[in-house]
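Asker: Below is the file final.cif, with mmCIF, C-alpha atoms and all ligand atoms.
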data_input
loop_
_atom_site.label_atom_id
_atom_site.label_comp_id
_atom_site.auth_asym_id
_atom_site.auth_seq_id
_atom_site.Cartn_x
_atom_site.Cartn_y
_atom_site.Cartn_z
CA MET J 203 86.98 86.43 87.40
CA THR J 204 86.54 86.43 83.63
CA ASP J 205 87.49 89.12 81.13
CA ASN J 206 85.47 92.33 81.21
CA GLU J 207 83.50 91.31 84.29
CA ILE J 208 83.01 94.28 86.60
CA HIS J 209 82.49 93.38 90.25
CA TYR J 210 83.33 96.77 91.72
CA PRO J 211 81.46 99.40 89.61
CA ASP J 212 81.91 103.00 90.72
CA GLU J 213 78.74 103.14 92.81
CA PHE J 214 79.81 99.99 94.69
CA ALA J 215 83.33 101.34 95.24
CA ASP J 216 81.67 104.55 96.52
CA ARG J 217 79.66 102.53 99.06
CA LEU J 218 82.69 100.57 100.23
CA GLU J 219 84.78 103.73 100.59
CA ILE J 220 82.00 105.31 102.69
CA LEU J 221 82.27 102.27 104.95
CA TRP J 222 86.06 101.73 105.01
CA GLY J 223 87.61 105.05 104.04
CA GLU J 224 88.89 106.61 100.83
CA GLY J 225 91.00 104.20 98.82
CA PHE J 226 89.75 101.08 100.60
CA LEU J 227 87.45 98.32 99.35
CA SER J 228 88.20 96.10 102.32
CA PRO J 229 87.79 96.32 106.10
CA GLY J 230 90.02 98.16 108.51
CA GLY J 231 91.47 100.65 106.05
CA VAL J 232 94.97 101.90 106.70
CA ALA J 233 95.13 100.43 110.23
CA GLU J 234 94.83 96.93 108.79
CA VAL J 235 97.50 97.70 106.19
CA GLU J 236 99.78 98.66 109.08
CA ALA J 237 98.93 95.45 110.93
CA VAL J 238 99.65 93.29 107.85
CA LEU J 239 103.02 95.03 107.34
CA LYS J 240 104.01 95.23 111.02
CA GLY J 241 107.76 94.92 111.49
CA ILE J 242 108.58 94.95 107.75
CA ASP J 243 110.85 97.83 106.70
CA LEU J 244 109.62 99.11 103.34
CA ALA J 245 111.92 102.11 103.03
CA ASN J 246 113.39 102.21 99.50
CA LYS J 247 112.02 98.71 98.78
CA LEU J 248 110.35 97.49 95.58
CA VAL J 249 106.79 96.49 96.46
CA LEU J 250 103.97 94.79 94.51
CA ASP J 251 100.33 95.17 95.64
CA ILE J 252 98.14 92.43 94.12
CA GLY J 253 94.53 93.62 93.79
CA CYS J 254 95.25 97.27 94.60
CA GLY J 255 91.63 98.38 94.13
CA THR J 256 91.28 102.16 94.52
CA GLY J 257 94.81 102.55 95.82
CA GLY J 258 94.61 103.25 99.57
CA ALA J 259 97.29 100.72 100.47
CA VAL J 260 99.53 101.69 97.52
CA LEU J 261 99.41 105.28 98.77
CA ALA J 262 100.27 104.31 102.36
CA ILE J 263 103.14 102.09 101.20
CA ALA J 264 104.59 104.83 98.97
CA ARG J 265 104.00 107.83 101.23
CA GLU J 266 103.98 106.65 104.85
CA HIS J 267 106.39 103.73 104.43
CA GLY J 268 108.71 105.44 101.94
CA ALA J 269 108.87 102.50 99.53
CA GLY J 270 111.30 103.04 96.66
CA HIS J 271 108.71 101.96 94.11
CA VAL J 272 105.22 100.45 94.35
CA THR J 273 103.54 98.52 91.55
CA GLY J 274 99.80 98.05 91.98
CA ILE J 275 97.92 95.59 89.79
CA ASP J 276 94.18 95.03 89.39
CA VAL J 277 91.81 93.41 86.91
CA GLU J 278 89.17 96.19 86.78
CA PRO J 279 89.93 99.33 84.71
CA GLN J 280 87.67 101.73 86.63
CA LEU J 281 89.46 100.81 89.87
CA ILE J 282 92.88 101.45 88.32
CA ASP J 283 91.56 104.84 87.12
CA ARG J 284 90.39 105.76 90.61
CA ALA J 285 93.67 104.60 92.13
CA GLN J 286 95.65 106.59 89.54
CA ARG J 287 93.76 109.78 90.42
CA ARG J 288 94.43 109.19 94.14
CA ILE J 289 98.14 108.60 93.56
CA SER J 290 98.53 111.62 91.24
CA ASP J 291 96.63 113.91 93.64
CA ALA J 292 98.90 112.75 96.48
CA GLY J 293 102.01 113.67 94.46
CA VAL J 294 103.67 110.22 94.60
CA ALA J 295 103.07 109.16 90.99
CA ASP J 296 106.82 109.16 90.27
CA ARG J 297 107.23 106.18 92.63
CA VAL J 298 104.04 104.31 91.68
CA ASP J 299 103.07 102.26 88.66
CA LEU J 300 99.47 101.02 88.39
CA GLN J 301 98.72 98.31 85.86
CA LEU J 302 95.50 96.78 84.56
CA VAL J 303 96.20 93.04 84.25
CA GLU J 304 94.49 89.84 83.18
CA PRO J 305 93.93 87.18 85.85
CA GLY J 306 96.60 84.48 85.74
CA PRO J 307 100.40 84.46 85.80
CA LEU J 308 102.07 87.68 86.98
CA ASN J 309 103.65 89.65 84.16
CA PHE J 310 106.91 90.39 85.99
CA GLN J 311 110.43 89.01 85.86
CA ASN J 312 111.83 86.61 88.45
CA ASP J 313 113.13 88.22 91.66
CA ALA J 314 111.58 91.60 90.76
CA PHE J 315 110.23 92.63 94.19
CA ASP J 316 111.42 92.85 97.80
CA VAL J 317 107.89 92.64 99.19
CA VAL J 318 104.59 91.37 97.79
CA PHE J 319 101.58 92.82 99.59
CA SER J 320 97.91 92.04 99.06
CA LYS J 321 94.82 93.01 100.99
CA ASP J 322 91.70 90.86 100.74
CA SER J 323 92.17 90.16 97.02
CA ILE J 324 93.56 86.59 96.89
CA VAL J 325 90.04 85.48 97.90
CA HIS J 326 89.06 86.40 94.33
CA ILE J 327 91.77 84.21 92.76
CA PRO J 328 90.66 80.57 92.39
CA ASP J 329 94.03 79.01 91.55
CA LYS J 330 95.85 79.33 94.89
CA ASP J 331 98.72 77.09 93.77
CA GLU J 332 99.43 79.32 90.80
CA ILE J 333 99.18 82.64 92.62
CA PHE J 334 101.52 81.60 95.45
CA ARG J 335 103.97 80.02 92.97
CA GLU J 336 103.93 83.26 91.02
CA ILE J 337 104.37 85.42 94.13
CA PHE J 338 107.35 83.24 95.08
CA ARG J 339 108.82 83.59 91.58
CA VAL J 340 108.62 87.40 91.48
CA LEU J 341 110.05 87.83 95.00
CA ARG J 342 113.79 88.18 95.35
CA PRO J 343 115.54 85.65 97.61
CA GLY J 344 114.95 86.82 101.20
CA GLY J 345 111.80 88.68 100.11
CA VAL J 346 108.50 88.46 101.95
CA VAL J 347 104.83 88.13 101.07
CA ALA J 348 102.58 89.88 103.60
CA ALA J 349 98.88 89.67 102.85
CA SER J 350 95.44 89.78 104.36
CA ASP J 351 93.03 87.23 102.92
CA TRP J 352 89.44 86.15 103.56
CA LEU J 353 89.78 82.55 104.68
CA VAL J 354 87.17 80.14 106.04
CA SER J 355 87.09 77.72 108.97
CA GLU J 356 87.49 73.97 108.34
CA SER J 357 83.78 73.55 109.14
CA ALA J 358 82.41 76.53 107.19
CA ASP J 359 80.34 74.34 104.86
CA ALA J 360 78.41 73.08 107.89
CA SER J 361 77.67 76.62 109.10
CA PRO J 362 74.09 77.71 108.27
CA GLU J 363 75.24 81.34 108.50
CA TRP J 364 77.98 80.75 105.89
CA VAL J 365 75.65 78.79 103.61
CA ARG J 366 73.10 81.59 103.85
CA PHE J 367 75.71 84.24 103.01
CA CYS J 368 76.89 82.18 100.00
CA GLU J 369 73.32 81.94 98.72
CA TYR J 370 73.45 85.68 97.99
CA GLY J 371 76.13 84.92 95.37
CA TYR J 372 77.93 88.05 96.55
CA LEU J 373 81.08 88.74 94.52
CA SER J 374 83.18 85.85 93.27
CA PHE J 375 84.83 84.31 96.29
CA ALA J 376 87.23 81.37 96.05
CA VAL J 377 87.82 80.68 99.72
CA ALA J 378 90.49 78.48 101.32
CA THR J 379 91.23 77.48 104.91
CA ALA J 380 94.35 78.58 106.80
CA HIS J 381 95.70 75.04 106.55
CA GLU J 382 95.17 74.95 102.76
CA THR J 383 96.86 78.34 102.43
CA GLU J 384 99.86 77.28 104.50
CA THR J 385 100.11 74.10 102.42
CA VAL J 386 100.12 75.86 99.04
CA MET J 387 102.63 78.39 100.34
CA SER J 388 104.88 75.62 101.55
CA HIS J 389 104.60 73.82 98.18
CA ALA J 390 105.51 77.09 96.45
CA GLY J 391 108.72 77.18 98.48
CA PHE J 392 107.94 79.70 101.23
CA GLU J 393 109.51 79.36 104.68
CA GLN J 394 108.68 80.91 108.08
CA ILE J 395 105.01 80.78 107.09
CA SER J 396 102.62 82.34 109.59
CA THR J 397 98.91 83.02 109.75
CA VAL J 398 97.26 85.43 112.19
CA ASP J 399 93.53 84.91 112.56
CA ARG J 400 91.52 88.17 112.54
CA ASN J 401 88.06 86.65 113.04
CA ALA J 402 87.55 88.09 116.54
CA TRP J 403 88.57 91.57 115.37
CA TYR J 404 86.30 91.45 112.33
CA ALA J 405 83.35 89.93 114.21
CA ALA J 406 83.38 92.98 116.51
CA THR J 407 84.09 95.40 113.67
CA ILE J 408 81.43 94.18 111.25
CA ALA J 409 78.78 94.35 113.96
CA GLN J 410 79.67 98.04 114.35
CA GLU J 411 79.76 98.50 110.57
CA VAL J 412 76.19 97.22 110.24
CA GLU J 413 75.06 99.58 113.03
CA GLN J 414 76.81 102.49 111.29
CA LEU J 415 75.22 101.64 107.94
CA GLU J 416 71.79 101.39 109.57
CA GLY J 417 72.41 104.68 111.40
CA PRO J 418 74.76 107.57 110.64
CA LEU J 419 76.10 106.26 107.29
CA ARG J 420 72.69 105.39 105.83
CA ALA J 421 72.07 108.86 104.35
CA ARG J 422 75.52 108.94 102.74
CA VAL J 423 74.97 105.54 101.10
CA LEU J 424 71.56 106.69 99.86
CA GLU J 425 73.31 109.56 98.05
CA VAL J 426 74.99 107.00 95.75
CA VAL J 427 72.37 104.22 95.47
CA ASP J 428 68.60 104.00 95.71
CA LYS J 429 66.72 102.53 98.66
CA ASN J 430 66.22 99.10 97.08
CA VAL J 431 69.93 98.68 96.42
CA TYR J 432 70.67 99.86 99.96
CA GLU J 433 68.18 97.38 101.49
CA ASP J 434 69.51 94.48 99.39
CA TRP J 435 73.09 95.36 100.33
CA MET J 436 72.17 95.52 104.01
CA ASP J 437 70.70 92.01 103.79
CA VAL J 438 74.04 90.79 102.44
CA ARG J 439 76.02 92.70 105.06
CA ARG J 440 73.90 91.27 107.88
CA ALA J 441 74.41 87.78 106.46
CA LEU J 442 78.15 88.43 106.30
CA ARG J 443 78.11 89.72 109.89
CA ASP J 444 76.43 86.51 110.97
CA ALA J 445 78.90 84.33 109.01
CA VAL J 446 81.83 86.13 110.63
CA GLY J 447 80.14 86.00 114.05
CA ALA J 448 79.59 82.24 113.65
CA GLY J 449 83.33 81.83 113.01
CA ALA J 450 82.93 80.59 109.42
CA LEU J 451 84.57 83.52 107.62
CA ARG J 452 88.00 84.28 109.05
CA PRO J 453 89.98 87.23 107.69
CA THR J 454 93.60 86.24 108.22
CA HIS J 455 97.03 87.83 107.90
CA VAL J 456 99.39 85.60 105.98
CA ARG J 457 103.16 85.89 105.79
CA GLY J 458 105.99 83.83 104.28
CA TYR J 459 109.61 84.32 103.24
CA LYS J 460 111.43 83.25 100.08
CA PRO J 461 114.63 81.62 101.33
CA ASP J 462 117.90 83.45 100.76
CA ARG J 463 120.03 81.68 98.19
C1 LIG J 501 88.13 93.40 98.27
S1 LIG J 501 88.94 94.24 96.96
C2 LIG J 501 90.38 94.83 97.83
C3 LIG J 501 91.05 95.98 97.14
C4 LIG J 501 92.20 96.60 97.92
N1 LIG J 501 93.27 95.66 98.15
C5 LIG J 501 91.71 97.15 99.23
O1 LIG J 501 92.04 96.58 100.29
O2 LIG J 501 90.97 98.13 99.20
C6 LIG J 501 89.59 92.94 95.94
C7 LIG J 501 90.37 93.47 94.73
O3 LIG J 501 90.98 92.38 94.05
C8 LIG J 501 90.90 92.63 92.66
N2 LIG J 501 91.14 91.37 91.94
C9 LIG J 501 90.30 90.33 91.72
N3 LIG J 501 90.93 89.35 91.03
C10 LIG J 501 92.20 89.76 90.81
C11 LIG J 501 93.33 89.20 90.15
N4 LIG J 501 93.28 87.99 89.57
N5 LIG J 501 94.47 89.92 90.10
C12 LIG J 501 94.54 91.13 90.69
N6 LIG J 501 93.50 91.72 91.34
C13 LIG J 501 92.35 91.05 91.39
C14 LIG J 501 89.53 93.24 92.50
O4 LIG J 501 89.33 93.90 91.28
C15 LIG J 501 89.50 94.19 93.71
O5 LIG J 501 90.07 95.42 93.43
#
Just dump the structure as structure tokens.
Answerer:
Amino acid sequence: MTDNEIHYPDEFADRLEILWGEGFLSPGGVAEVEAVLKGIDLANKLVLDIGCGTGGAVLAIAREHGAGHVTGIDVEPQLIDRAQRRISDAGVADRVDLQLVEPGPLNFQNDAFDVVFSKDSIVHIPDKDEIFREIFRVLRPGGVVAASDWLVSESADASPEWVRFCEYGYLSFAVATAHETETVMSHAGFEQISTVDRNAWYAATIAQEVEQLEGPLRARVLEVVDKNVYEDWMDVRRALRDAVGAGALRPTHVRGYKPDR
């Protein structure tokens, strides 16, 4: 992503929130946040959310999980504005800091966070080595990264459904496989690395999403965009459904621990 490029303008964020719930630009909403964080105690912890979007996960981490402090970072100013409104309206602004950042190294000190969270944002970051090295650096010893990321199968390039989806040039995806992700995490220094494949869940879910968008949600989407935009978007969503159904695109939960000193 280059400076000043807007991939999630307000009308697009509106559409995604109609589909996935207020505060979410990625599938599964708060239930997926809970699944990514399962078993991690966030009470009074210092948490970083990389690619916080419109703030749904930041809010859940601050309010439902009782984090001591949550820092959310994103590269798009209008998303930070929306997230800030959500956090202020929810009355948790005293424990949340939202920052507009440039892509690249994280602007935090070493060992600054107990937990680094990210939901479906690392797919937008091309330099996987750098981002996992940086996550490792800003985690305290014993800290954990728990993320959801859009990964691809080893054979995605041979999948006609994936190739067709890519031809739409939808967003700026820099996809990796689970093996590549585990390798860069290991090189960064992480231990107890695990990946949980969510392809089967999302294949079922996106099929329902497309039906919803063709049916009951259609009128709501047409309140924020015109029919041509809706039809074009549906073409992309059907192509994405097919790429997930073919097993090429594999949303995955990723976890790793920074060793205790
Ligand atoms: C699919 S959205 C997910 C947003 C949010 N995590 C959610 O689940 O609703 C991806 C987000 O990553 C952000 N993003 C892209 N590149 C980034 C970077 N280098 N650093 C931080 N955020 C980034 C985008 O602006 C967008 O908000």
Asker: Could you list, with a cut-off of 10 Å and counting only C-alpha atoms, the residues of segment 217-240 of chain J near segment 331-350 of chain J, each shown with its nearest atom pair and the distance in Å rounded to one decimal, rows sorted by chain and ascending number, as JSON lines?
Answerer:
{"residue": "J:Ser228", "atom": "CA", "partner": "J:Ser350", "partner_atom": "CA", "distance": 9.8}
{"residue": "J:Glu234", "atom": "CA", "partner": "J:Ser350", "partner_atom": "CA", "distance": 8.4}
{"residue": "J:Val235", "atom": "CA", "partner": "J:Ser350", "partner_atom": "CA", "distance": 8.4}
{"residue": "J:Ala237", "atom": "CA", "partner": "J:Ser350", "partner_atom": "CA", "distance": 9.4}
{"residue": "J:Val238", "atom": "CA", "partner": "J:Ala348", "partner_atom": "CA", "distance": 6.2}
{"residue": "J:Leu239", "atom": "CA", "partner": "J:Ala348", "partner_atom": "CA", "distance": 6.4}
{"residue": "J:Lys240", "atom": "CA", "partner": "J:Ala348", "partner_atom": "CA", "distance": 9.3}
Asker: Residues contacting ligand LIG 501 (chain J) - anything with an atom at most 6 Å away, using only C-alpha atoms and all ligand atoms - can you give me those as a PyMOL selection string?
Answerer: chain J and resi 226-228+252-255+275-278+305+320-323+326-327
Asker: Would you output that residue set with C-alpha atoms, as a PDB file, in the frame of the given file?
Answerer:
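That gives us result08.pdb:
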ATOM      1  CA  PHE J 226      89.750 101.080 100.600  1.00  0.00           C
ATOM      2  CA  LEU J 227      87.450  98.320  99.350  1.00  0.00           C
ATOM      3  CA  SER J 228      88.200  96.100 102.320  1.00  0.00           C
ATOM      4  CA  ILE J 252      98.140  92.430  94.120  1.00  0.00           C
ATOM      5  CA  GLY J 253      94.530  93.620  93.790  1.00  0.00           C
ATOM      6  CA  CYS J 254      95.250  97.270  94.600  1.00  0.00           C
ATOM      7  CA  GLY J 255      91.630  98.380  94.130  1.00  0.00           C
ATOM      8  CA  ILE J 275      97.920  95.590  89.790  1.00  0.00           C
ATOM      9  CA  ASP J 276      94.180  95.030  89.390  1.00  0.00           C
ATOM     10  CA  VAL J 277      91.810  93.410  86.910  1.00  0.00           C
ATOM     11  CA  GLU J 278      89.170  96.190  86.780  1.00  0.00           C
ATOM     12  CA  PRO J 305      93.930  87.180  85.850  1.00  0.00           C
ATOM     13  CA  SER J 320      97.910  92.040  99.060  1.00  0.00           C
ATOM     14  CA  LYS J 321      94.820  93.010 100.990  1.00  0.00           C
ATOM     15  CA  ASP J 322      91.700  90.860 100.740  1.00  0.00           C
ATOM     16  CA  SER J 323      92.170  90.160  97.020  1.00  0.00           C
ATOM     17  CA  HIS J 326      89.060  86.400  94.330  1.00  0.00           C
ATOM     18  CA  ILE J 327      91.770  84.210  92.760  1.00  0.00           C
TER      19      ILE J 327
END
Asker: Please provide as an mmCIF file with C-alpha atoms, keeping the file's coordinate frame all residues within 9 Å of Asp444 of chain J, with the sequence filter that same-chain residues fewer than 3 positions apart are discarded (counting only C-alpha atoms).
Answerer:
data_model
loop_
_atom_site.group_PDB
_atom_site.id
_atom_site.type_symbol
_atom_site.label_atom_id
_atom_site.label_comp_id
_atom_site.auth_asym_id
_atom_site.auth_seq_id
_atom_site.Cartn_x
_atom_site.Cartn_y
_atom_site.Cartn_z
ATOM 1 C CA GLU J 363 75.240 81.340 108.500
ATOM 2 C CA TRP J 364 77.980 80.750 105.890
ATOM 3 C CA PHE J 367 75.710 84.240 103.010
ATOM 4 C CA ALA J 405 83.350 89.930 114.210
ATOM 5 C CA ALA J 409 78.780 94.350 113.960
ATOM 6 C CA ARG J 439 76.020 92.700 105.060
ATOM 7 C CA ARG J 440 73.900 91.270 107.880
ATOM 8 C CA ALA J 441 74.410 87.780 106.460
ATOM 9 C CA GLY J 447 80.140 86.000 114.050
ATOM 10 C CA ALA J 448 79.590 82.240 113.650
ATOM 11 C CA GLY J 449 83.330 81.830 113.010
ATOM 12 C CA ALA J 450 82.930 80.590 109.420
#
Asker: For the atom pair atom CA of Gln301 of chain J and atom CA of Val317 of chain J, what is the interatomic distance in Å to one decimal place?
Answerer: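 The value is 17.1 Å.
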Asker: Fewer than 5 positions away in the same chain doesn't count, so skip those; otherwise give me all residues within 8 Å of segment 386-397 of chain J, counting all atoms listed in the file, as number ranges by chain.
Answerer: J: 330-331, 334-335, 338, 380, 454-461
Asker: Go through J:Asp296, J:Asp251, J:Glu266, J:Glu356 and flag the residue nearest Asp316 of chain J, using all atoms listed in the file for the distances.
Answerer: J:Asp251
Asker: Between atom CA of Ile208 of chain J and atom CA of Pro279 of chain J, measure the distance and give it in Å to one decimal.
Answerer: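 Interatomic distance, atom CA of Ile208 of chain J to atom CA of Pro279 of chain J: 8.8 Å.
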Asker: Which residues come within 9 Å of Asp212 of chain J, counting only C-alpha atoms, excluding same-chain residues fewer than 3 positions away, as number ranges by chain?
Answerer: J: 215-217, 280-281, 284
Asker: As an exercise, work out the distance from atom CA of Val272 of chain J to atom CA of Val260 of chain J in Å and give it to one decimal place.
Answerer: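 These atoms are spaced 6.6 Å apart.
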Asker: Out of J:Leu451, J:Val446, J:Leu300, J:Ala259, which residue has the shortest atom-to-atom distance to Ile408 of chain J when counting all atoms listed in the file?
Answerer: J:Val446
Asker: Rank nothing, just name the residue among J:Val431, J:Leu250, J:Val232, J:Val438 nearest to Ala314 of chain J, using all atoms listed in the file.
Answerer: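 With all atoms listed in the file as the atom set, the closest residue is J:Leu250.
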Asker: Restricting the calculation to only C-alpha atoms, which member of J:Glu433, J:Glu411, J:Asp462, J:Asp283 is positioned closest to Asp299 of chain J?
Answerer: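 Closest residue, counting only C-alpha atoms: J:Asp283.
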Asker: Can you tell me which residues surround Trp435 of chain J at a distance of at most 12 Å, considering all atoms listed in the file, apart from same-chain residues fewer than 3 positions away, and format the answer as an NGL selection string?
Answerer: :J and (214 or 217-218 or 367 or 370-373 or 412 or 415-416 or 420 or 423-424 or 427-432 or 438-442)
Asker: Have a look at J:Gly274, J:Gly241, J:Gly225, J:Gly306 and name the one nearest to Gly258 of chain J; count all atoms listed in the file.
Answerer: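 Looking at the shortest contact to Gly258 of chain J, the residue is J:Gly225.
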Asker: Smallest atom-to-atom distance to Leu248 of chain J: which of J:Arg288, J:Phe319, J:Pro229, J:Asn309, using all atoms listed in the file?
Answerer: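 Nearest candidate to Leu248 of chain J out of J:Arg288, J:Phe319, J:Pro229, J:Asn309: J:Phe319.
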Asker: For a cut-off of 12 Å around (87.0, 71.3, 107.0), file coordinates, pick out all residues using all atoms listed in the file and list them as an mmCIF file with C-alpha atoms, keeping the file's coordinate frame.
Answerer:
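Written file, selection-v1.cif:
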data_model
loop_
_atom_site.group_PDB
_atom_site.id
_atom_site.type_symbol
_atom_site.label_atom_id
_atom_site.label_comp_id
_atom_site.auth_asym_id
_atom_site.auth_seq_id
_atom_site.Cartn_x
_atom_site.Cartn_y
_atom_site.Cartn_z
ATOM 1 C CA LEU J 353 89.780 82.550 104.680
ATOM 2 C CA VAL J 354 87.170 80.140 106.040
ATOM 3 C CA SER J 355 87.090 77.720 108.970
ATOM 4 C CA GLU J 356 87.490 73.970 108.340
ATOM 5 C CA SER J 357 83.780 73.550 109.140
ATOM 6 C CA ALA J 358 82.410 76.530 107.190
ATOM 7 C CA ASP J 359 80.340 74.340 104.860
ATOM 8 C CA ALA J 360 78.410 73.080 107.890
ATOM 9 C CA SER J 361 77.670 76.620 109.100
ATOM 10 C CA VAL J 377 87.820 80.680 99.720
ATOM 11 C CA ALA J 378 90.490 78.480 101.320
ATOM 12 C CA THR J 379 91.230 77.480 104.910
ATOM 13 C CA ALA J 380 94.350 78.580 106.800
ATOM 14 C CA HIS J 381 95.700 75.040 106.550
ATOM 15 C CA GLU J 382 95.170 74.950 102.760
ATOM 16 C CA ALA J 450 82.930 80.590 109.420
#
Asker: What would segment 444-458 of chain J look like with N, CA and C atoms restored, written as a compact mmCIF listing (two decimals), in the coordinates of the input?
Answerer:
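Writing done, so here's result-v9.txt:
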# COMPACT_ATOMS: atom_id res chain seq x y z
N ASP J 444 76.78 87.74 110.27
CA ASP J 444 76.43 86.51 110.97
C ASP J 444 77.44 85.39 110.65
N ALA J 445 77.92 85.36 109.39
CA ALA J 445 78.90 84.33 109.01
C ALA J 445 80.24 84.55 109.71
N VAL J 446 80.60 85.82 109.89
CA VAL J 446 81.83 86.13 110.63
C VAL J 446 81.61 85.81 112.11
N GLY J 447 80.45 86.23 112.64
CA GLY J 447 80.14 86.00 114.05
C GLY J 447 80.09 84.52 114.40
N ALA J 448 79.66 83.70 113.43
CA ALA J 448 79.59 82.24 113.65
C ALA J 448 80.97 81.59 113.50
N GLY J 449 81.97 82.36 113.11
CA GLY J 449 83.33 81.83 113.01
C GLY J 449 83.63 81.16 111.68
N ALA J 450 82.71 81.26 110.70
CA ALA J 450 82.93 80.59 109.42
C ALA J 450 83.90 81.38 108.54
N LEU J 451 83.67 82.68 108.41
CA LEU J 451 84.57 83.52 107.62
C LEU J 451 85.63 84.10 108.54
N ARG J 452 86.90 83.91 108.15
CA ARG J 452 88.00 84.28 109.05
C ARG J 452 89.05 85.09 108.31
N PRO J 453 88.90 86.43 108.26
CA PRO J 453 89.98 87.23 107.69
C PRO J 453 91.28 86.89 108.42
N THR J 454 92.35 86.76 107.65
CA THR J 454 93.60 86.24 108.22
C THR J 454 94.80 86.96 107.59
N HIS J 455 95.77 87.28 108.42
CA HIS J 455 97.03 87.83 107.90
C HIS J 455 97.98 86.67 107.63
N VAL J 456 98.56 86.70 106.45
CA VAL J 456 99.39 85.60 105.98
C VAL J 456 100.78 86.14 105.65
N ARG J 457 101.81 85.42 106.08
CA ARG J 457 103.16 85.89 105.79
C ARG J 457 104.06 84.69 105.46
N GLY J 458 105.02 84.89 104.59
CA GLY J 458 105.99 83.83 104.28
C GLY J 458 107.20 84.44 103.60
